[in-house]
Structures are given as C-alpha cells and as structure tokens.
file final17.csv (CSV, C-alpha atoms)
chain,number,residue,atom,x,y,z
F,1,MET,CA,24.5,14.7,14.4
F,2,LEU,CA,27.0,12.0,13.5
F,3,ALA,CA,24.6,10.2,11.2
F,4,THR,CA,23.8,13.5,9.4
F,5,CYS,CA,27.5,14.2,8.9
F,6,ILE,CA,28.3,10.7,7.7
F,7,ARG,CA,25.3,10.8,5.2
F,8,ALA,CA,26.6,14.1,3.9
F,9,LEU,CA,30.0,12.6,2.9
F,10,PRO,CA,32.0,13.5,0.9
F,11,ASP,CA,30.6,16.9,1.7
F,12,GLU,CA,30.6,18.6,5.1
F,13,GLY,CA,27.4,17.9,7.0
F,14,CYS,CA,25.5,20.4,9.1
F,15,GLY,CA,22.4,21.2,11.1
F,16,LEU,CA,20.9,23.3,13.8
F,17,LEU,CA,20.5,22.8,17.6
F,18,LEU,CA,17.1,23.6,19.2
F,19,GLY,CA,17.0,23.9,23.0
F,20,THR,CA,17.2,26.2,25.9
F,21,VAL,CA,19.5,29.2,26.6
F,22,ASP,CA,21.2,27.3,29.4
F,23,GLY,CA,22.6,24.7,26.9
F,24,VAL,CA,20.1,21.8,27.0
F,25,VAL,CA,19.5,20.5,23.5
F,26,ALA,CA,15.9,19.5,22.9
F,27,ASP,CA,16.3,18.5,19.3
F,28,VAL,CA,18.7,18.4,16.4
F,29,VAL,CA,17.6,19.6,13.0
F,30,ALA,CA,19.6,18.2,10.1
F,31,SER,CA,20.0,20.4,7.1
F,32,ARG,CA,21.2,20.0,3.6
F,33,ASN,CA,24.6,21.6,3.0
F,34,VAL,CA,23.6,24.0,0.3
F,35,ALA,CA,27.3,24.8,-0.4
F,36,ALA,CA,27.6,21.1,-1.5
F,37,SER,CA,31.3,21.2,-0.6
F,38,ALA,CA,33.8,19.1,1.3
F,39,LYS,CA,35.4,22.3,2.4
F,40,VAL,CA,32.6,24.6,3.5
F,41,TYR,CA,29.0,24.4,4.6
F,42,GLU,CA,25.9,26.6,4.6
F,43,ILE,CA,22.6,25.7,6.4
F,44,ASP,CA,19.7,25.6,3.9
F,45,PRO,CA,18.0,29.0,4.3
F,46,LYS,CA,14.6,27.3,4.2
F,47,VAL,CA,15.6,25.0,7.1
F,48,LEU,CA,16.9,28.1,8.9
F,49,LEU,CA,13.5,29.9,8.7
F,50,GLN,CA,11.5,26.8,9.5
F,51,THR,CA,13.7,26.1,12.6
F,52,PHE,CA,13.4,29.7,13.9
F,53,ARG,CA,9.6,29.5,13.5
F,54,ARG,CA,9.5,26.2,15.2
F,55,ALA,CA,11.5,27.6,18.1
F,56,ASP,CA,9.0,30.5,18.5
F,57,ASP,CA,6.1,28.1,18.3
F,58,GLU,CA,7.6,25.6,20.9
F,59,GLY,CA,9.1,28.1,23.3
F,60,LEU,CA,12.6,27.0,22.4
F,61,GLU,CA,15.7,28.8,21.1
F,62,VAL,CA,17.9,28.1,18.1
F,63,MET,CA,21.0,27.6,20.3
F,64,GLY,CA,23.7,26.6,17.9
F,65,VAL,CA,24.9,24.7,14.9
F,66,PHE,CA,26.8,21.5,14.2
F,67,HIS,CA,28.9,20.7,11.2
F,68,SER,CA,31.7,18.3,10.2
F,69,HIS,CA,35.2,18.7,9.1
F,70,THR,CA,35.8,15.7,6.7
F,71,HIS,CA,39.6,15.6,7.1
F,72,SER,CA,40.6,18.0,9.8
F,73,PRO,CA,40.2,18.2,13.6
F,74,ALA,CA,37.0,19.1,15.4
F,75,TYR,CA,38.1,22.6,16.1
F,76,PRO,CA,36.8,25.9,14.6
F,77,SER,CA,38.7,26.9,11.5
F,78,ALA,CA,39.5,30.6,10.7
F,79,THR,CA,36.4,30.5,8.4
F,80,ASP,CA,34.2,29.1,11.2
F,81,ILE,CA,35.4,31.9,13.6
F,82,ARG,CA,35.0,34.7,11.0
F,83,GLN,CA,31.5,33.6,10.0
F,84,ALA,CA,30.1,32.6,13.4
F,85,PRO,CA,26.7,34.3,13.3
F,86,ASP,CA,25.7,34.6,17.0
F,87,PRO,CA,27.9,35.1,20.1
F,88,ASP,CA,25.3,33.3,22.2
F,89,TRP,CA,25.4,30.1,20.2
F,90,HIS,CA,27.1,26.8,20.7
F,91,TYR,CA,29.3,25.6,17.8
F,92,VAL,CA,29.6,21.8,17.6
F,93,LEU,CA,32.3,20.4,15.4
F,94,ILE,CA,32.6,16.8,14.3
F,95,SER,CA,35.7,15.5,12.8
F,96,LEU,CA,35.3,12.6,10.4
F,97,ALA,CA,39.1,12.4,9.8
F,98,ALA,CA,39.3,9.1,11.7
F,99,ILE,CA,36.0,7.4,12.1
F,100,PRO,CA,36.5,4.3,14.2
F,101,THR,CA,35.2,1.4,12.1
F,102,ASP,CA,35.4,-2.3,12.3
F,103,LEU,CA,34.5,-3.7,8.9
F,104,ARG,CA,35.2,-7.3,8.2
F,105,SER,CA,34.0,-9.9,5.7
F,106,TYR,CA,33.4,-13.6,6.1
F,107,SER,CA,32.4,-16.6,4.3
F,108,ILE,CA,29.9,-18.8,6.1
F,109,VAL,CA,29.7,-22.4,4.7
F,110,GLU,CA,27.8,-25.1,6.5
F,111,GLY,CA,28.3,-23.3,9.8
F,112,ILE,CA,32.0,-22.6,9.3
F,113,VAL,CA,33.0,-19.0,9.5
F,114,LEU,CA,36.1,-17.9,7.8
F,115,GLU,CA,37.3,-14.3,7.7
F,116,GLU,CA,38.3,-12.9,4.4
F,117,LEU,CA,40.8,-10.2,3.5
F,118,VAL,CA,39.1,-6.8,2.8
F,119,GLN,CA,41.1,-4.3,0.7
F,120,VAL,CA,39.4,-0.9,0.4
F,121,GLU,CA,40.4,1.1,-2.7
F,122,GLY,CA,39.6,4.7,-3.9
F,123,VAL,CA,38.8,6.4,-0.6
F,124,THR,CA,42.0,8.2,0.0
F,125,GLY,CA,43.6,11.0,-1.9
F,126,PRO,CA,43.3,14.8,-2.3
F,127,LEU,CA,40.0,16.6,-1.6
F,128,PRO,CA,37.9,17.1,-4.8
F,129,ASP,CA,38.1,20.5,-6.3
F,130,ASP,CA,34.9,22.6,-5.8
N,1,MET,CA,3.1,50.9,2.7
N,2,SER,CA,4.0,49.5,6.2
N,3,ALA,CA,5.0,45.9,6.6
N,4,LEU,CA,6.4,44.0,9.6
N,5,LEU,CA,10.1,43.2,9.8
N,6,ARG,CA,11.2,40.5,12.2
N,7,ILE,CA,14.7,41.1,13.5
N,8,PRO,CA,17.2,38.3,14.5
N,9,THR,CA,18.5,38.4,18.0
N,10,VAL,CA,22.0,39.3,17.0
N,11,LEU,CA,20.9,42.5,15.3
N,12,ARG,CA,18.4,43.7,18.0
N,13,PRO,CA,20.9,45.6,20.1
N,14,ALA,CA,21.7,47.9,17.1
N,15,MET,CA,18.1,48.2,16.0
N,16,GLY,CA,16.4,49.4,19.1
N,17,GLY,CA,16.1,46.1,21.0
N,18,GLU,CA,12.8,45.1,19.5
N,19,SER,CA,12.1,41.7,17.9
N,20,ALA,CA,9.9,43.2,15.2
N,21,ILE,CA,9.3,46.7,13.8
N,22,SER,CA,7.1,48.3,11.2
N,23,VAL,CA,9.0,49.3,8.1
N,24,GLU,CA,8.2,51.5,5.1
N,25,GLY,CA,8.7,50.6,1.4
N,26,SER,CA,7.2,48.8,-1.5
N,27,THR,CA,10.2,46.7,-2.3
N,28,ILE,CA,12.8,44.9,-0.2
N,29,GLY,CA,15.4,47.4,-1.3
N,30,ALA,CA,13.3,50.3,-0.2
N,31,ILE,CA,12.6,48.7,3.1
N,32,LEU,CA,16.3,48.0,3.8
N,33,ASP,CA,17.0,51.6,2.9
N,34,ASP,CA,14.4,52.6,5.5
N,35,VAL,CA,16.0,50.3,8.0
N,36,THR,CA,19.6,51.5,7.3
N,37,ASN,CA,18.5,55.1,7.5
N,38,ARG,CA,17.0,54.5,10.9
N,39,PHE,CA,19.8,52.2,12.1
N,40,PRO,CA,23.0,53.1,10.2
N,41,ALA,CA,25.2,50.8,12.3
N,42,VAL,CA,23.7,47.7,10.6
N,43,LYS,CA,24.1,48.8,7.0
N,44,GLY,CA,27.2,46.8,6.4
N,45,GLN,CA,25.5,43.6,7.6
N,46,LEU,CA,22.5,44.0,5.4
N,47,LEU,CA,23.7,45.5,2.1
N,48,ASN,CA,26.8,45.6,-0.1
N,49,ASP,CA,28.1,48.9,-1.3
N,50,ASP,CA,26.3,48.5,-4.6
N,51,GLY,CA,23.0,48.1,-2.9
N,52,THR,CA,22.6,44.3,-3.3
N,53,LEU,CA,21.9,42.0,-0.5
N,54,HIS,CA,24.8,40.9,1.7
N,55,ARG,CA,26.0,37.4,0.8
N,56,PHE,CA,25.5,36.1,4.3
N,57,LEU,CA,22.1,37.6,5.0
N,58,ASN,CA,18.9,35.7,4.3
N,59,VAL,CA,15.8,37.8,3.7
N,60,TYR,CA,12.4,36.2,3.4
N,61,VAL,CA,9.0,37.7,2.5
N,62,ASN,CA,6.6,35.5,4.3
N,63,ASP,CA,7.8,31.9,3.5
N,64,ASP,CA,9.9,32.8,0.5
N,65,ASP,CA,13.6,33.5,0.2
N,66,VAL,CA,13.9,36.8,-1.8
N,67,ARG,CA,16.8,35.3,-3.8
N,68,TYR,CA,14.3,33.3,-5.7
N,69,LEU,CA,11.9,36.3,-6.1
N,70,GLY,CA,13.4,39.6,-7.1
N,71,GLY,CA,16.2,40.2,-4.7
N,72,VAL,CA,16.1,43.8,-3.6
N,73,GLU,CA,13.4,44.4,-6.3
N,74,THR,CA,11.0,41.9,-4.6
N,75,PRO,CA,7.7,43.7,-4.0
N,76,VAL,CA,6.3,43.9,-0.5
N,77,ASN,CA,2.7,44.5,0.5
N,78,ASP,CA,1.6,45.9,3.8
N,79,THR,CA,0.3,42.5,5.0
N,80,ASP,CA,3.7,40.9,4.4
N,81,GLU,CA,6.0,39.7,7.1
N,82,ILE,CA,9.7,40.1,6.3
N,83,THR,CA,12.3,38.1,8.2
N,84,LEU,CA,16.0,38.7,8.4
N,85,LEU,CA,18.3,35.9,9.4
N,86,PRO,CA,22.1,35.9,9.2
N,87,ALA,CA,23.3,33.0,7.1
N,88,VAL,CA,24.8,30.1,9.1
N,89,ALA,CA,27.9,29.0,7.3
N,90,GLY,CA,31.5,28.1,7.8
N,91,GLY,CA,33.8,25.1,7.1
N,92,ALA,CA,37.2,23.6,7.5
N,93,TRP,CA,38.7,25.6,4.6
call {"tool": "encode", "arguments": {"input": "final17.csv", "output": "structure tokens"}}
result
Amino acid sequence: MLATCIRALPDEGCGLLLGTVDGVVADVVASRNVAASAKVYEIDPKVLLQTFRRADDEGLEVMGVFHSHTHSPAYPSATDIRQAPDPDWHYVLISLAAIPTDLRSYSIVEGIVLEELVQVEGVTGPLPDD
Amino acid sequence: MSALLRIPTVLRPAMGGESAISVEGSTIGAILDDVTNRFPAVKGQLLNDDGTLHRFLNVYVNDDDVRYLGGVETPVNDTDEITLLPAVAGGAW
C-alpha cells in the first residue's frame, strides 16, 4: 500500500483490499487514481470490476479501500466520510505528510568515505491547482 | 428483452436482497427505469433528476463501462450481464 501511494505522488494513491469479512487481508490491489489529483482519488472503474469478479472467483470479499493524503493526517476527511461507499468496509488512510527518510550522499575515493551536504530544492510549496 | 443485473452488496437490502435479478429494457436507461420503478428507494443512487447516470455509480455491460459506450443510451441484449458498482472515491480535500 505504501509503495503504491509513494509511486502515485504528487497525486493521491489508492487501491482495494481483498480478504475475508472478519478483516483478514488476502491481497492488496493497486489502482490508478483516475481523478489524477493531489486532493481527491477515485478507483479506476475497470480495476473495480476486475477486483469484484476476482473476489467472486476466489471466494473472497472486496473488504475495503486504501488511499493516501499527501499532506494531511491519516484520518478520513469530510469527503472520505461523505463518499464512503460501503458500511461494511475498512478504510485505510496513509499520510505521506512526513515520510521518514534518511537520504545522504557520499564521495568514495580510494576507500575513503566522506559525507556530502545534500540540499533538496523544489519539493515544498502549495499544492498544485487541479 | 430480459438481461441479468448484478447488484452490489450495499444496494441489495433496498432491492429485494438478491445478488442478481432479471431486468427489462433494450437500453441502460430503460433498464434503470425498470429498476427504479420496482425499487423506488434506490432511484437517487442510480440516476440524476435529468435521467443521466449518477456521478458515483459505475455501470458495466459485460466488461465495458457504459461511460465509454452510450451512457443511458447504451443498447442491451438479453444475453448481456449488467453490473452496478458504486464508485470508490474520496480524498483529503
């Protein structure tokens, strides 16, 4: 789920959860965010149909959905609440507001390792207009 | 013309409890009119007031999303399988 959402950046990432009614996830099905937005998501209707058919074929249930909030907490927004499609589903939220990373750069010359200063530019600022 | 309509779990309580029903109509629009006449409680979840498909309803004829066919004008044959699935959408905004 995390990999799907990171790959979707700068847009929200999303996908479906296949499993059992008692909450055991058997598989995660990544989807393209057809809204193509950093503010909203929509599961690809084709993936939705394929996943429901697969659930029928394999004796599973489509038990929920995951999606990311690129800059806000992992909690359902008013939009998430209003548009929640199924009261029996599980709604997984992933916040990418503060991804823990440890990115460093080094020179390596004749076995000598020296750390270099890394300055990241151009990744902060307002969300793009949709 | 009688096709098979597959009903999503969330709509079954208001549509007789079945997972699939036979429906009448030669187009998606006619079929949804048949459905909403039989189950008036679901009308607002299927159609807009102007008769177009609800924004957050996916309708498929066999493997095809009717948005890419003819919308409510999409023709339906009696061997076709129509699937309704609520859109899955949301977001931080």
call {"tool": "closest_atom_pairs", "arguments": {"input": "final17.csv", "of": "chain F", "to": "chain N", "cutoff": "7 Å", "atoms": "all atoms listed in the file", "output": "Markdown table"}}
result
| residue | atom | partner | partner_atom | distance |
| --- | --- | --- | --- | --- |
| F:Lys39 | CA | N:Trp93 | CA | 5.2 |
| F:Val40 | CA | N:Gly91 | CA | 3.8 |
| F:Tyr41 | CA | N:Ala89 | CA | 5.4 |
| F:Glu42 | CA | N:Ala89 | CA | 4.1 |
| F:Ile43 | CA | N:Val88 | CA | 5.6 |
| F:Pro45 | CA | N:Asn58 | CA | 6.8 |
| F:His69 | CA | N:Ala92 | CA | 5.5 |
| F:Ser72 | CA | N:Ala92 | CA | 6.9 |
| F:Ser77 | CA | N:Ala92 | CA | 5.4 |
| F:Thr79 | CA | N:Gly90 | CA | 5.5 |
| F:Asp80 | CA | N:Gly90 | CA | 4.5 |
| F:Gln83 | CA | N:Gly90 | CA | 5.9 |
| F:Pro85 | CA | N:Val88 | CA | 6.2 |
| F:Asp86 | CA | N:Val10 | CA | 6.0 |
call {"tool": "atom_distance", "arguments": {"input": "final17.csv", "atom1": "atom CA of N:Gly44", "atom2": "atom CA of N:Met15"}}
result
13.3 Å
call {"tool": "residues_around", "arguments": {"input": "final17.csv", "residues": "stretch 88-91 of chain F", "least_positions_apart": "5", "cutoff": "8 Å", "atoms": "all atoms listed in the file", "output": "PyMOL selection string"}}
result
chain F and resi 23+63-66
call {"tool": "atom_distance", "arguments": {"input": "final17.csv", "atom1": "atom CA of N:Ser22", "atom2": "atom CA of N:Ser2"}}
result
6.0 Å
call {"tool": "residues_around", "arguments": {"input": "final17.csv", "residues": "F:Ile6", "least_positions_apart": "3", "cutoff": "12 Å", "atoms": "only C-alpha atoms", "output": "VMD selection string"}}
result
chain F and resid 1 to 3 9 to 14 30 38 67 to 70 94 to 99
call {"tool": "write_last_selection", "arguments": {"input": "final17.csv", "atoms": "C-alpha atoms", "output": "compact mmCIF listing (two decimals), in the coordinates of the input"}}
result
# COMPACT_ATOMS: atom_id res chain seq x y z
CA MET F 1 24.50 14.70 14.40
CA LEU F 2 27.00 12.00 13.50
CA ALA F 3 24.60 10.20 11.20
CA LEU F 9 30.00 12.60 2.90
CA PRO F 10 32.00 13.50 0.90
CA ASP F 11 30.60 16.90 1.70
CA GLU F 12 30.60 18.60 5.10
CA GLY F 13 27.40 17.90 7.00
CA CYS F 14 25.50 20.40 9.10
CA ALA F 30 19.60 18.20 10.10
CA ALA F 38 33.80 19.10 1.30
CA HIS F 67 28.90 20.70 11.20
CA SER F 68 31.70 18.30 10.20
CA HIS F 69 35.20 18.70 9.10
CA THR F 70 35.80 15.70 6.70
CA ILE F 94 32.60 16.80 14.30
CA SER F 95 35.70 15.50 12.80
CA LEU F 96 35.30 12.60 10.40
CA ALA F 97 39.10 12.40 9.80
CA ALA F 98 39.30 9.10 11.70
CA ILE F 99 36.00 7.40 12.10
call {"tool": "axis_aligned_box", "arguments": {"input": "final17.csv", "around": "stretch 20-35 of chain F", "padding_each_side": "6 Å", "output": "AutoDock Vina command-line options"}}
result
--center_x 21.6 --center_y 23.7 --center_z 14.5 --size_x 23.4 --size_y 23.0 --size_z 41.8
call {"tool": "atom_distance", "arguments": {"input": "final17.csv", "atom1": "atom CA of N:Gly25", "atom2": "atom CA of N:Val76"}}
result
7.4 Å
